[in-house]
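Undergrad: Handing you a structure now.
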Amino acid sequence: MPAVSLYRKWRPKTFADVLGQDHITTTLTNAIHQNRIAHAYLFTGPRGTGKTTTARIFAKAVSCTADDERERPCNRCDVCLSVNEGRALDLIEIDGASNNSVDNVRDLRERIGYSPSQSRYKVYIIDEVHMLSAGAFNALLKTLEEPPPHAIFILATTEVDKLPATVLSRCQRFDFRFVPFRIIREHLAQIAKDENAQIEAGALDLFARQAGGSLRDGISLLDQMIAYGNGQVTLAQAQAILGSLASQSVSALIGFIVARDVSGGLNLINQAIADGADPRQFVREVLEYLRGLLLLRASPDGQWLTLPAETIAEMKVQSAALPAVELLAVIKNFTDAASQLRNALQPQLPLELAFVESTLRNGSNSATAPEKAIAAPPVAAKAPATPVVEKEAPPRPVSPPPAAAPAKSGATAAKPAPPPPPVEAPAVAPVAVAFGALSLEPVQKQWKDVLAVVKTRNRNLEAILKGGSPVALEENVVVLGFPYQFYKDKAEEPKSKQLLEEVLSEVMRKPLRVRCELTASEPKRAPLRPKDKKELAMEDPVIKEIVGKYGARIADVQDEAPDEPPDS
Amino acid sequence: MKVSCLQENLHKGLGLVARAVASRSTLPVLNNILIATDQGRLKLAATDLTIGITTWIGAQIEEEGATTVPSKLLGEFVNSLPPEKIDMQLNVRTQTLNLKCSRFESNIKGMDAQEFPPIPTAGPENKLKLDPDTLRAIISQVAFAAAADESRPVLTGVLAKFDDGKITLAAADGFRLSVRTGTVSEGKAGVTAIIIPARALIELSRMIGDEEEPIEVTITKNRNQAVFHTSSTELVTQLVEGNYPDVLSLVPKSHNTRTVVGTVDFVKAVKLASFFARDASNIIRMTIEPGTDLAPGRMIVRAESQEVGDQVGEIDATVDGPAIEVAFNAKYLSEMLAVVDAAQVAIETNAPEKPGVFKMVGSDEFVHVIMPMHVNR
Amino acid sequence: MPWNTIGHEWAVNLLARAAATQPSHAYLFTGPAQIGKLTLALDFARALNCVGPGERPCGQCRSCQAIAAGRHPDVSLVRRLPDKSEIAVKQLRDVQNELNLRPYEGRWRVAIIENMHEANLNAANAFLKTLEEPAPQVVLLLTANTPEALLLTVRSRCQSVPMRPLPITQVEEVLRERFGADSERAAMAARLSGGRLGWAMEAIQDEERLAARRELLQTLLDSVPQGRSAQIELAGRLTRGDRDVRGVLDLWLSWWRDLLLVKGQCAGAIVNLDERERLLRDAGHLELRAIGRYLTIIEDARQQIEQNVNAQLALEVVLINAPV
């Protein structure tokens with residue numbers, strides 16, 4: 001009994017079976033009917049969308065011996081059967097990645113002159129063609145220009161931008177698209193039925209979403225789940241294995257962001273991970289949810305969302321509480337987290353950081369005035385506050401945020417203005433300085449962006465520049481202060497300096513030069529923010545002891561009416 | 001283990017099995033040769049996990065046992081010993097093999113025989129017997145046409161079909177096909193078809209050497225191996241996994257033109273033309289013209305290269321059918337001619353872009369098909 | 001003891017069932033280093049080829065023992081050679097050729113590619129065909145630290161077996177019951193392991209490792225108020241010779257993450273249990289934002305190291321920027 005996965009078992013055998021690529025299969029079918037066959041095709045598109053499969057079907061169709069052209073490929077004649085069984089001599093599948101040298105292509109050119117053994121055409125499918133070396137592409141060009149009449153080339157790749165234009169221009173190009181959610185879901189349901197597997201509707205939704213437009217991914221997932229569940233798959237099982245979250249967790253986390261409840265969110269994250277959630281999956285689902293919020297802004301009826309009505313209702317409340325700028329900042333935080341997860345040692349850290357960062361976002365709208373995390377006017381250190389101390393319990397159960405405060409108060413409720421925003425600019429605050437005099441401040445603000453660009457070109461230089469900062473602007477010269485000679489010397493190396501000047505000018509949209517200086521003093525630290533109540537409370541020795549010794553934590557700090565003197 | 005044997009026997013045995021020693025392997029024990037007592041004889045064995053060779057030599061056995069020692073060292077050492085009696089004794093604790101011969105003595109460090117992968121042997125399954133000359137002939141006429149590159153793994157193997165007292169070997173690389181049928185002397189295979197690595201057949205052919213007794217062939221029960229057994233030696237080969245193309249259906253059933261030429265003339269003409277074909281994609285053109293009342297039929301064999309020049313050879317031919325011109329690869333022609341064992345060769349053609357069929361006149365056991373080359377005119 | 005894998009019950013169930021019925025042709029085991037990916041892959045390889053009666057793998061039969069000893073003809077393990085920086089194309093090609101033959105003695109030919117993410121782009125691409133359609137009696141087992149580290153085209157050809165950290169309590173239990181560790185050490189090692197049993201088992205058997213860790217943490221903490229020249233000197237010291245700066249950064253990262261958790265009132269999840277008091281104390285006078293930002297700096301440095309940025313430079317940047 002051979003090991004055969006469902007995606008191989010369900011590999012389409014006719015053009016009609018290829019799903020979600022009608023624009024391609026129609027054209028190819030017509031080409032077969034009208035017998036207008038080109039000699040070079042290029043199939044591009046994401047993985048698992050049917051490139052190789054379609055190429056094989058096409059290879060059958062061009063050589064199929066069925067009398068009626070409209071029946072080709074018939075899957076009955078010798079040619080079709082030999083392709084289906086993987087034993088056709090005239091279908092040559094070349095793995096571009098392992099045969100990527102000039103010599104490989106020369107071999108191919110030498111052999112292409114031979115007539116086909118049993119079919120009308122010899123079809124060469126070159127998979128992963130983007131892996132060919134530059135020399136190999138050149139060698140291939142000649143063959144693509146003048147192939148013998150019996151040869152057809154199908155180049156397949158996921159990365160079309162790596163192909164030289166000269167190759168592109170000689171091929172008829174077909175762009176495979178991600179397969180739509182609905183089609184994947186229907187197909188998975190069909191396979192499940194044929195395999196006699198009982199799968200909960202919610203689980204099918206999850207698999208289809210998880211497939212991200214790739215049928216192969218979706219079928220693989222289904223295959224695994226059927227194997228695991230022994231033919232029965234529930235949503236809970238599927239979520240457990242995928243490390244997916246109970247759907248209300250994501251919504252709850254966004255609630256904590258809206259409410260700026262750091263503790264609630266961190267506990268939720270850690271509890272979810274302890275329960276087996278996968279940090280990557282977590283971030284993915286948060287992003288998908290945030291995207292939903294974004295879409296809701298664009299079309300409030302939620303027509304683009306494939307979600308239950310109650311979820312959409314909840315999202316609308318959150319969407320109202322989170323202004324667009326803030327939403328974008330949050331999305332950026334989690335997008336960054338997604339990319340950092342790749343190498344993170346502690347996989348949930350980027351997630352936690354993105355969350356914390358999001359709760360610290362700059363509020364630009366009074367609607368988000370949080371009364372929870374950020375204390376308004378600094379409370380004098382000695383002002384007696386009554387902390388509510390609770391014994392540290394196991395992380396709190398996953399539940400929606402306790403305070404849907406912003407929602408209740410509504411956008412129009414006149415709340416006192418939030419505390420002055422912290423000094424840093426929000427992450428998404430592009431300052432375009434097109435012309436006119438430049439001051440130091442925008443340079444400092446954009447310095448992070450400058451570093452980000454430098455990083456893409458020279459990582460070492462970025463690391464060096466992190467040791468310094470812009471301290472002054474003289475005409476068009478940015479003065480960089482470095483506390484140590486070593487950094488200054490490194491930054492002043494002509495190559496480094498030139499690169500920095502280029503990037504700086506690009507980012508600031510103004511020609512700028514750079515001068516490096518040694519700063520005597522340490523660079524300024526960020527000015528202290530007003531401390532929050534809990535921090536202040538922690539300075540109280542009694543509270544500190546309770547917290548320290550008994551593992552308690554401060555849940556909330558409530559002001560005693562300070563304007564009433566105790567003994568008046 | 002304590003045994004003695006003659007240097008010549010041990011030397012010969014080691015030479016046979018050394019062919020199967022892995023050149024480099026992730027399993028260090030595969031660089032070794034297994035030496036074991038086996039029913040009054042000394043068994044020598046080696047395997048690279050694709051091919052395994054076992055041979056038995058006569059020996060005096062005082063104490064049973066087994067070990068493995070490095071093939072290269074043991075082989076070179078034994079080769080250099082005088083042709084006298086060799087005494088071997090194993091120190092089991094240290095796995096050191098002590099060898100004494102004449103006035104030389106050595107200790108070779110080995111590895112526990114337990115680590116050596118068991119070499120599959122022929123069970124009581126169906127056996128068939130083949131005449132050694134037949135086996136040698138069919139291997140030599142087929143194995144060379146198997147594919148050298150691994151992109152289509154099954155094509156690196158040779159298809160062996162068993163059918164009604166016949167064995168048919170076939171190999172194809174997508175550009176040519178060689179088929180040879182032979183008669184089974186005795187027995188049945190129990191399977192219809194297997195794919196044998198071409199390399200294993202070439203080793204087998206070498207191993208048979210001047211063997212005169214029939215060769216016993218067994219396919220193991222799980223169909224994973226084929227075992228070839230001669231009087232004193234056994235070769236086991238893993239079989240290739242997969243579907244072999246239905247190559248026998250590729251042999252055209254009919255032809256328009258049948259041309260018969262003398263083998264010696266043909267070989268000569270191809271050889272001369274091939275010097276010029278080298279620089280011209282190895283293309284040799286064959287123009288076949290039927291005879292008239294006045295002149296006999298002829299075949300013109302030519303090659304031309306823009307840089308080097310050209311060459312034309314003409315040979316007499318008996319042509320039955322219309323004239324035709326067809327181009328073939330020089331290498332394929334000469335490799336095919338090298339294994340032809342007949343005075344005359346028949347060439348059957350249909351059209352310039354259709355395969356050419358080559359047969360030995362007087363025998364229908366050998367069929368060779370070569371795909372023509374596409375030539376811009 | 002049939003399966004050597006501890007925990008990961010769902011994965012064991014899945015694979016046991018697959019071995020008993022019909023395995024898929026390719027599996028991808030992912031999870032952080034030392035979580036047990038290779039152990040599970042080898043377990044599965046044994047289950048696939050076990051010839052013992054009853055539950056498979058039996059651990060007793062010749063096949064199970066040969067696989068455990070790394071000398072089963074049908075089970076090959078491909079990993080980066082110690083003196084190389086990546087898995088070579090040739091290594092993968094050799095194993096591909098072996099896979100074309102029928103099994104030598106087992107039911108399945110199994111190829112384990114350990115840390116597939118160490119295969120370079122060419123090697124990974126060259127493996128795609130085999131990964132999609134290997135010969136019928138072949139099962140391929142890949143391991144990688146994260147799925148993201150592999151090509152999408154590789155991932156989508158495999159059944160994925162994501163291995164998540166074990167619950168800390170389970171690690172603790174194993175350390176106590178199988179290694180006789182006392183509760184305190186077991187709790188500590190389990191926390192530090194982050195649920196990676198392999199790491200925890202090594203740590204518990206190596207007295208010095210935990211002590212060295214504590215000492216290093218102390219050194220790093222001491223450097224914070226000491227100012228730049230001391231920090232730069234320390235960075236030099238910690239990166240001298242072939243010391244692995246990654247370990248230093250990982251430790252530092254765990255400390256600052258704990259601070260973040262304490263500050264964010266999620267102290268139940270901290271890792272450095274033995275320094276709890278100090279964490280609570282330090283968190284008191286740090287800002288959440290500053291901690292978050294600093295964590296990003298450490299993470300960046302960690303990633304720069306992977307991209308071969310000068311280790312000393314990266315560590316200097318980290319130490320100098322520590323919020324006081």
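Ligands are numbered from 1 in the order shown, residues from 1 within each chain, and chains are lettered A, B, ... in the order they appear in the structure tokens.
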Residues of chain B no more than 6 Å from chain C, counting only C-alpha atoms: send them over as a ChimeraX atom specification.
TA: /B:224,239-241
Undergrad: Residues of chain A within 6 Å of chain B, counting only C-alpha atoms - could you list those as a ChimeraX atom specification?
TA: /A:87,89,113-115
Undergrad: Which residues are close to B:Ala351, i.e. within 9 Å by only C-alpha atoms, leaving aside same-chain residues fewer than 4 positions away? Reply as a ChimeraX atom specification.
TA: /B:255-257,324-326,355-356
Undergrad: Convert the current residue selection to file output with C-alpha atoms, as a compact mmCIF listing (two decimals), in the first residue's frame.
TA:
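Below is the file part25.txt, written as the result:
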```txt
# COMPACT_ATOMS: atom_id res chain seq x y z
CA HIS B 255 7.59 -0.49 -42.13
CA ASN B 256 7.71 1.06 -45.58
CA THR B 257 11.31 0.32 -46.37
CA ILE B 324 14.22 7.48 -47.74
CA GLU B 325 16.60 9.79 -45.94
CA VAL B 326 16.84 9.65 -42.18
CA PRO B 355 11.80 5.68 -35.35
CA GLY B 356 14.27 3.41 -37.11
```
Undergrad: Give me, as a list of chain:residue names, the residues of stretch 29-74 of chain C that a backbone DSSP run labels alpha helix (DSSP H).
TA: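 Output for stretch 29-74 of chain C, alpha helix (DSSP H) only: C:Lys37, C:Leu38, C:Thr39, C:Leu40, C:Ala41, C:Leu42, C:Asp43, C:Phe44, C:Ala45, C:Arg46, C:Ala47, C:Leu48, C:Asn49, C:Arg62, C:Ser63, C:Cys64, C:Gln65, C:Ala66, C:Ile67, C:Ala68.
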Undergrad: Using the selection just defined, write its residues with N, CA and C atoms as a PDB file, in the first residue's frame.
TA:
```pdb
ATOM      1  N   LYS C  37      11.963  17.136  18.053  1.00  0.00           N
ATOM      2  CA  LYS C  37      11.558  16.851  16.680  1.00  0.00           C
ATOM      3  C   LYS C  37      12.224  15.591  16.144  1.00  0.00           C
ATOM      4  N   LEU C  38      13.544  15.516  16.339  1.00  0.00           N
ATOM      5  CA  LEU C  38      14.267  14.365  15.813  1.00  0.00           C
ATOM      6  C   LEU C  38      13.855  13.093  16.550  1.00  0.00           C
ATOM      7  N   THR C  39      13.662  13.213  17.846  1.00  0.00           N
ATOM      8  CA  THR C  39      13.222  12.058  18.635  1.00  0.00           C
ATOM      9  C   THR C  39      11.909  11.517  18.082  1.00  0.00           C
ATOM     10  N   LEU C  40      10.999  12.438  17.783  1.00  0.00           N
ATOM     11  CA  LEU C  40       9.704  12.003  17.264  1.00  0.00           C
ATOM     12  C   LEU C  40       9.856  11.395  15.868  1.00  0.00           C
ATOM     13  N   ALA C  41      10.697  12.019  15.048  1.00  0.00           N
ATOM     14  CA  ALA C  41      10.899  11.500  13.691  1.00  0.00           C
ATOM     15  C   ALA C  41      11.488  10.088  13.745  1.00  0.00           C
ATOM     16  N   LEU C  42      12.446   9.881  14.647  1.00  0.00           N
ATOM     17  CA  LEU C  42      13.055   8.555  14.767  1.00  0.00           C
ATOM     18  C   LEU C  42      12.047   7.541  15.319  1.00  0.00           C
ATOM     19  N   ASP C  43      11.232   7.993  16.253  1.00  0.00           N
ATOM     20  CA  ASP C  43      10.159   7.134  16.759  1.00  0.00           C
ATOM     21  C   ASP C  43       9.275   6.664  15.611  1.00  0.00           C
ATOM     22  N   PHE C  44       8.919   7.620  14.774  1.00  0.00           N
ATOM     23  CA  PHE C  44       8.026   7.313  13.661  1.00  0.00           C
ATOM     24  C   PHE C  44       8.707   6.355  12.685  1.00  0.00           C
ATOM     25  N   ALA C  45       9.989   6.605  12.420  1.00  0.00           N
ATOM     26  CA  ALA C  45      10.741   5.724  11.524  1.00  0.00           C
ATOM     27  C   ALA C  45      10.756   4.303  12.086  1.00  0.00           C
ATOM     28  N   ARG C  46      10.903   4.178  13.392  1.00  0.00           N
ATOM     29  CA  ARG C  46      10.905   2.848  14.007  1.00  0.00           C
ATOM     30  C   ARG C  46       9.530   2.211  13.888  1.00  0.00           C
ATOM     31  N   ALA C  47       8.489   3.032  14.144  1.00  0.00           N
ATOM     32  CA  ALA C  47       7.133   2.493  14.056  1.00  0.00           C
ATOM     33  C   ALA C  47       6.846   1.992  12.636  1.00  0.00           C
ATOM     34  N   LEU C  48       7.349   2.729  11.642  1.00  0.00           N
ATOM     35  CA  LEU C  48       7.074   2.353  10.258  1.00  0.00           C
ATOM     36  C   LEU C  48       7.720   1.022   9.886  1.00  0.00           C
ATOM     37  N   ASN C  49       8.884   0.750  10.462  1.00  0.00           N
ATOM     38  CA  ASN C  49       9.619  -0.436  10.036  1.00  0.00           C
ATOM     39  C   ASN C  49       9.722  -1.521  11.107  1.00  0.00           C
ATOM     40  N   ARG C  62      15.020  -6.301  15.806  1.00  0.00           N
ATOM     41  CA  ARG C  62      16.258  -5.942  15.127  1.00  0.00           C
ATOM     42  C   ARG C  62      16.135  -4.591  14.422  1.00  0.00           C
ATOM     43  N   SER C  63      14.969  -4.386  13.790  1.00  0.00           N
ATOM     44  CA  SER C  63      14.773  -3.157  13.040  1.00  0.00           C
ATOM     45  C   SER C  63      14.794  -1.938  13.962  1.00  0.00           C
ATOM     46  N   CYS C  64      14.058  -2.033  15.060  1.00  0.00           N
ATOM     47  CA  CYS C  64      14.026  -0.912  16.010  1.00  0.00           C
ATOM     48  C   CYS C  64      15.437  -0.612  16.524  1.00  0.00           C
ATOM     49  N   GLN C  65      16.169  -1.687  16.813  1.00  0.00           N
ATOM     50  CA  GLN C  65      17.502  -1.465  17.372  1.00  0.00           C
ATOM     51  C   GLN C  65      18.454  -0.884  16.335  1.00  0.00           C
ATOM     52  N   ALA C  66      18.327  -1.371  15.091  1.00  0.00           N
ATOM     53  CA  ALA C  66      19.202  -0.852  14.047  1.00  0.00           C
ATOM     54  C   ALA C  66      18.922   0.629  13.806  1.00  0.00           C
ATOM     55  N   ILE C  67      17.659   1.020  13.839  1.00  0.00           N
ATOM     56  CA  ILE C  67      17.330   2.431  13.617  1.00  0.00           C
ATOM     57  C   ILE C  67      17.872   3.270  14.769  1.00  0.00           C
ATOM     58  N   ALA C  68      17.696   2.753  15.986  1.00  0.00           N
ATOM     59  CA  ALA C  68      18.202   3.492  17.144  1.00  0.00           C
ATOM     60  C   ALA C  68      19.718   3.651  17.055  1.00  0.00           C
TER      61      ALA C  68
END
```
Undergrad: Considering only C-alpha atoms, return as a PyMOL selection string whatever protein or nucleic-acid residues lie within 8 Å of C:Ala314, sequence-local ones (same chain, fewer than 2 positions apart) excluded.
TA: (chain A and resi 463) or (chain C and resi 301+304-305+309-312+316-318)
Undergrad: What are the closest atom pairs, with distances in Å to one decimal, for all residues of chain C lying within 6 Å of chain A? Consider only C-alpha atoms, order rows by chain and residue number, and present the result as a tab-separated table.
TA:
```
residue	atom	partner	partner_atom	distance
C:Leu14	CA	A:Tyr228	CA	4.9
C:Pro23	CA	A:Ala3	CA	5.6
C:Ser24	CA	A:Ala3	CA	5.2
C:His25	CA	A:Ala3	CA	5.2
C:Asn125	CA	A:Ala97	CA	5.2
C:Ala126	CA	A:Ser98	CA	4.5
C:Pro136	CA	A:Pro2	CA	4.7
C:Gln137	CA	A:Pro2	CA	5.5
C:Glu148	CA	A:Arg342	CA	5.6
C:Thr153	CA	A:Arg47	CA	5.9
C:Ser156	CA	A:Asp217	CA	5.3
C:Gly264	CA	A:Ser263	CA	4.8
C:Gln265	CA	A:Ser263	CA	5.0
C:Cys266	CA	A:Asn267	CA	5.5
C:Val309	CA	A:Asn460	CA	5.8
```
Undergrad: Can you list, as a PyMOL selection string, every residue of stretch 444-520 of chain A that DSSP puts in strand (DSSP E or B)?
TA: chain A and resi 469-474+477-482+513-518
Undergrad: Between C:Asn120, C:Thr5, C:Ser193, C:Gln22, which is the closest to C:Pro57 once you count only C-alpha atoms?
TA: C:Thr5
Undergrad: Excluding C:Leu273 and residues on its chain fewer than 4 positions from it, collect all residues at most 9 Å away from it, counting only C-alpha atoms, and give them as a list in words.
TA: Ala187, Met188, Arg191, Leu192 and Glu277 of chain C
Undergrad: Now that the selection is made, can you save its residues with C-alpha atoms as a PDB file, in the first residue's frame?
TA:
```pdb
ATOM      1  CA  ALA C 187      10.916  23.846  38.483  1.00  0.00           C
ATOM      2  CA  MET C 188      13.763  26.131  37.506  1.00  0.00           C
ATOM      3  CA  ARG C 191      10.761  27.244  33.340  1.00  0.00           C
ATOM      4  CA  LEU C 192      14.011  28.087  31.650  1.00  0.00           C
ATOM      5  CA  GLU C 277      12.223  39.494  43.847  1.00  0.00           C
TER       6      GLU C 277
END
```
Undergrad: B:Gly313: which residues within 6 Å, counting only C-alpha atoms, same-chain residues fewer than 5 positions away excluded, as a ChimeraX atom specification?
TA: /B:269,300-301
